[in-house]
Amino acid sequence: MNCTKCKTKAVIKLPRHHAAFCKSCFTGFVHDQVARAIKSEAMFGKDDRIVVAVSGGKDSLALWDVLLKLGYKADGFYVNLGIGGYSERSYRMVQRFAEMVAVPAGAVLHTHTVEQEEGAGIKELAQLVHRPTCSTCGTIKRYQFNRAAVEQDYDVMATGHNLDDEAARLLGNVLHWQEGYLEKQGPTLPASVDGFAKKVKPLYRLSERELAAYCVLNKIEYIVDECPMAQGARTLLYKEVLNRLETESPGTKQYFYWGFLETRRKQRSSSVAMTEKDQAMLHPCSTCGQPTTAEICSYCKLMARAKREVPG
Ligand SMILES: [Zn+2]
Ligand SMILES: [Zn+2]
């Protein structure tokens, strides 16, 4: 098997693109896919300040790496959840990448430590509010990431969601006809109101397997295991189903998700209406001032509930 581009020995085969690549052409292919995503979805420009949510996993570290290699101003943001060995290992991966690649490229790593800022570990917080650890963690991560982005004047927040994540999410939304979620699902969410930063997913054209290969070939060490608190069994099932379809007919995943985006692009005018609708619904949280659809935002509710439960 030879590289489709340069005819030397290939190291990876990409059936959905009818291609095989050597290490350097594959790296070029990944950079190119990200560049195309950024351009076609009008995500950001060379002067914009970007903050990447990094977890220590392959997707977010690959994203940070590609953005820096493409010459973007991208800093990292890591939330230390304090989940024993898992958090220690993932933080080590993030720190190592920052020291070896990001800092020498002029980038900064911001770290938010839950135990210090929220006053309790994530497990403890979840127990206090009687909610699953995963949803408590999600609320805190989203909130702190957005707060850091707004307070430190970043133009864009970027996350490492890949094609598999987005296709699985789309399948779930379609199966349950979650029209509200379908309307909002996409690689670019504009900063619809004051207090909310623009959100983008520059890896939506790349699969999980391609991102793992990118990290291995470019010597980016990452944490392989998922968060031990993660539940997402349903998402895993959707991914499995999509992978079966993909094996039978390569390209199904991208056809499904990109086709959805293409169809919606044709209805752009209606998305303007959505932004207006959002603006009407959101207003500042009465406690912290961040945008919310309720009187008090879900983060402040969570923290208030946690405090009430603390004896004395
Ligand atoms: Zn090649
Ligand atoms: Zn609030």
# chains A, B, ... in the order shown; residues from 1 in each chain; ligands from 1
>>> residues_around(residues="stretch 33-43 of chain A", least_positions_apart="4", cutoff="8 Å", atoms="only C-alpha atoms", output="PyMOL selection string")
chain A and resi 29+66+70+187-188+200+202-206
>>> write_last_selection(atoms="N, CA and C atoms", output="PDB file, in the first residue's frame")
ATOM      1  N   PHE A  29      -2.836  16.131   5.639  1.00  0.00           N
ATOM      2  CA  PHE A  29      -4.266  15.900   5.425  1.00  0.00           C
ATOM      3  C   PHE A  29      -5.077  16.389   6.637  1.00  0.00           C
ATOM      4  N   VAL A  66      -2.767  21.280  16.249  1.00  0.00           N
ATOM      5  CA  VAL A  66      -3.023  21.690  14.859  1.00  0.00           C
ATOM      6  C   VAL A  66      -3.201  23.208  14.769  1.00  0.00           C
ATOM      7  N   LEU A  70      -0.915  25.649  12.567  1.00  0.00           N
ATOM      8  CA  LEU A  70      -1.490  26.452  11.485  1.00  0.00           C
ATOM      9  C   LEU A  70      -1.280  27.950  11.721  1.00  0.00           C
ATOM     10  N   PRO A 187     -21.049  23.069  14.070  1.00  0.00           N
ATOM     11  CA  PRO A 187     -19.654  23.331  14.421  1.00  0.00           C
ATOM     12  C   PRO A 187     -19.383  24.768  14.863  1.00  0.00           C
ATOM     13  N   THR A 188     -20.318  25.688  14.635  1.00  0.00           N
ATOM     14  CA  THR A 188     -20.129  27.069  15.058  1.00  0.00           C
ATOM     15  C   THR A 188     -21.378  27.576  15.748  1.00  0.00           C
ATOM     16  N   VAL A 200     -16.738  26.927  18.835  1.00  0.00           N
ATOM     17  CA  VAL A 200     -16.496  26.219  17.574  1.00  0.00           C
ATOM     18  C   VAL A 200     -15.920  24.815  17.804  1.00  0.00           C
ATOM     19  N   PRO A 202     -13.559  22.704  15.534  1.00  0.00           N
ATOM     20  CA  PRO A 202     -12.790  22.597  14.282  1.00  0.00           C
ATOM     21  C   PRO A 202     -12.446  21.167  13.848  1.00  0.00           C
ATOM     22  N   LEU A 203     -12.727  20.149  14.690  1.00  0.00           N
ATOM     23  CA  LEU A 203     -12.370  18.772  14.310  1.00  0.00           C
ATOM     24  C   LEU A 203     -13.536  17.986  13.715  1.00  0.00           C
ATOM     25  N   TYR A 204     -14.626  18.660  13.363  1.00  0.00           N
ATOM     26  CA  TYR A 204     -15.821  17.913  12.940  1.00  0.00           C
ATOM     27  C   TYR A 204     -15.639  17.164  11.624  1.00  0.00           C
ATOM     28  N   ARG A 205     -14.550  17.436  10.893  1.00  0.00           N
ATOM     29  CA  ARG A 205     -14.313  16.716   9.641  1.00  0.00           C
ATOM     30  C   ARG A 205     -13.402  15.494   9.847  1.00  0.00           C
ATOM     31  N   LEU A 206     -12.953  15.249  11.089  1.00  0.00           N
ATOM     32  CA  LEU A 206     -12.005  14.166  11.353  1.00  0.00           C
ATOM     33  C   LEU A 206     -12.578  13.133  12.314  1.00  0.00           C
TER      34      LEU A 206
END
>>> residues_near_ligand(ligand="ligand 2", cutoff="10 Å", atoms="only C-alpha atoms and all ligand atoms", output="list in words")
Tyr143, Pro284, Cys285, Ser286, Thr287, Cys288, Gly289, Gln290, Pro291, Thr292, Ala294, Glu295, Ile296, Cys297, Ser298, Tyr299, Cys300, Lys301, Leu302, Met303 and Ala304 of chain A
>>> select_by_dssp(residues="stretch 126-301 of chain A", states="strand (DSSP E or B)", output="list in words")
Val156, Met157, Ala158, Thr188, Leu189, Lys198, Lys199, Val200, His283, Pro284, Pro291 and Thr292 of chain A
>>> residues_near_ligand(ligand="ligand 1", cutoff="12 Å", atoms="only C-alpha atoms and all ligand atoms", output="list in words")
Met1, Asn2, Cys3, Thr4, Lys5, Cys6, Lys7, Thr8, Lys9, Ala10, Val11, Ile12, Lys13, Ala19, Ala20, Phe21, Cys22, Lys23, Ser24, Cys25, Phe26, Thr27, Gly28 and Phe29 of chain A
>>> write_last_selection(atoms="N, CA and C atoms", output="compact mmCIF listing (two decimals), in the first residue's frame")
# COMPACT_ATOMS: atom_id res chain seq x y z
N MET A 1 0.84 -1.20 0.00
CA MET A 1 0.00 0.00 0.00
C MET A 1 0.88 1.26 0.00
N ASN A 2 0.71 2.10 -1.00
CA ASN A 2 1.51 3.31 -1.10
C ASN A 2 0.69 4.57 -0.87
N CYS A 3 1.38 5.64 -0.47
CA CYS A 3 0.73 6.92 -0.21
C CYS A 3 0.10 7.46 -1.50
N THR A 4 -1.18 7.88 -1.40
CA THR A 4 -1.91 8.40 -2.55
C THR A 4 -1.22 9.64 -3.13
N LYS A 5 -0.56 10.39 -2.23
CA LYS A 5 0.01 11.66 -2.68
C LYS A 5 1.44 11.54 -3.20
N CYS A 6 2.31 10.90 -2.38
CA CYS A 6 3.74 10.93 -2.75
C CYS A 6 4.30 9.57 -3.15
N LYS A 7 3.44 8.53 -3.08
CA LYS A 7 3.81 7.18 -3.55
C LYS A 7 4.85 6.45 -2.70
N THR A 8 5.26 7.03 -1.55
CA THR A 8 6.14 6.26 -0.65
C THR A 8 5.24 5.33 0.17
N LYS A 9 5.83 4.57 1.10
CA LYS A 9 5.06 3.59 1.86
C LYS A 9 4.01 4.28 2.74
N ALA A 10 2.76 3.83 2.65
CA ALA A 10 1.69 4.44 3.44
C ALA A 10 1.64 3.83 4.83
N VAL A 11 1.23 4.64 5.83
CA VAL A 11 1.09 4.11 7.19
C VAL A 11 -0.36 4.05 7.64
N ILE A 12 -1.26 4.70 6.91
CA ILE A 12 -2.68 4.67 7.28
C ILE A 12 -3.56 4.71 6.03
N LYS A 13 -4.65 3.90 6.12
CA LYS A 13 -5.58 3.82 5.01
C LYS A 13 -6.87 4.55 5.42
N ALA A 19 -8.28 6.81 0.10
CA ALA A 19 -6.88 7.24 0.13
C ALA A 19 -6.07 6.49 1.17
N ALA A 20 -4.75 6.53 1.01
CA ALA A 20 -3.80 6.02 2.00
C ALA A 20 -2.68 7.05 2.06
N PHE A 21 -2.14 7.26 3.29
CA PHE A 21 -1.11 8.30 3.41
C PHE A 21 0.13 7.82 4.16
N CYS A 22 1.27 8.43 3.83
CA CYS A 22 2.47 8.26 4.62
C CYS A 22 2.34 9.23 5.80
N LYS A 23 3.30 9.19 6.74
CA LYS A 23 3.19 10.02 7.94
C LYS A 23 3.06 11.51 7.60
N SER A 24 3.93 12.01 6.74
CA SER A 24 3.91 13.46 6.52
C SER A 24 2.70 13.89 5.70
N CYS A 25 2.27 13.09 4.74
CA CYS A 25 1.08 13.46 3.96
C CYS A 25 -0.18 13.34 4.83
N PHE A 26 -0.18 12.38 5.79
CA PHE A 26 -1.34 12.25 6.68
C PHE A 26 -1.44 13.47 7.59
N THR A 27 -0.30 13.91 8.13
CA THR A 27 -0.29 15.11 8.98
C THR A 27 -0.80 16.31 8.17
N GLY A 28 -0.36 16.40 6.93
CA GLY A 28 -0.84 17.47 6.04
C GLY A 28 -2.34 17.37 5.80
N PHE A 29 -2.84 16.13 5.64
CA PHE A 29 -4.27 15.90 5.43
C PHE A 29 -5.08 16.39 6.64
>>> closest_residue(among="A:Asn162, A:Gln185, A:Gln152, A:Asn80", to="A:Cys137", atoms="only C-alpha atoms")
A:Asn80
>>> residues_around(residues="A:Asp59", least_positions_apart="3", cutoff="7 Å", atoms="only C-alpha atoms", output="short mmCIF file (atom, residue, chain, number, x, y, z; two decimals) with N, CA and C atoms, in the first residue's frame")
data_model
loop_
_atom_site.label_atom_id
_atom_site.label_comp_id
_atom_site.auth_asym_id
_atom_site.auth_seq_id
_atom_site.Cartn_x
_atom_site.Cartn_y
_atom_site.Cartn_z
N ALA A 62 -4.77 17.13 20.13
CA ALA A 62 -4.54 17.22 18.68
C ALA A 62 -5.03 18.58 18.18
N LEU A 63 -6.18 19.01 18.67
CA LEU A 63 -6.74 20.30 18.24
C LEU A 63 -5.78 21.44 18.59
N GLY A 160 -12.74 19.92 21.27
CA GLY A 160 -12.22 18.85 20.42
C GLY A 160 -13.25 17.86 19.91
N LEU A 211 -7.80 10.97 14.56
CA LEU A 211 -7.17 11.82 15.57
C LEU A 211 -6.22 11.03 16.46
#
>>> atom_distance(atom1="atom CA of A:Glu246", atom2="atom CA of A:Leu175")
18.4 Å
>>> atom_distance(atom1="atom CA of A:Arg264", atom2="atom CA of A:Tyr181")
13.4 Å
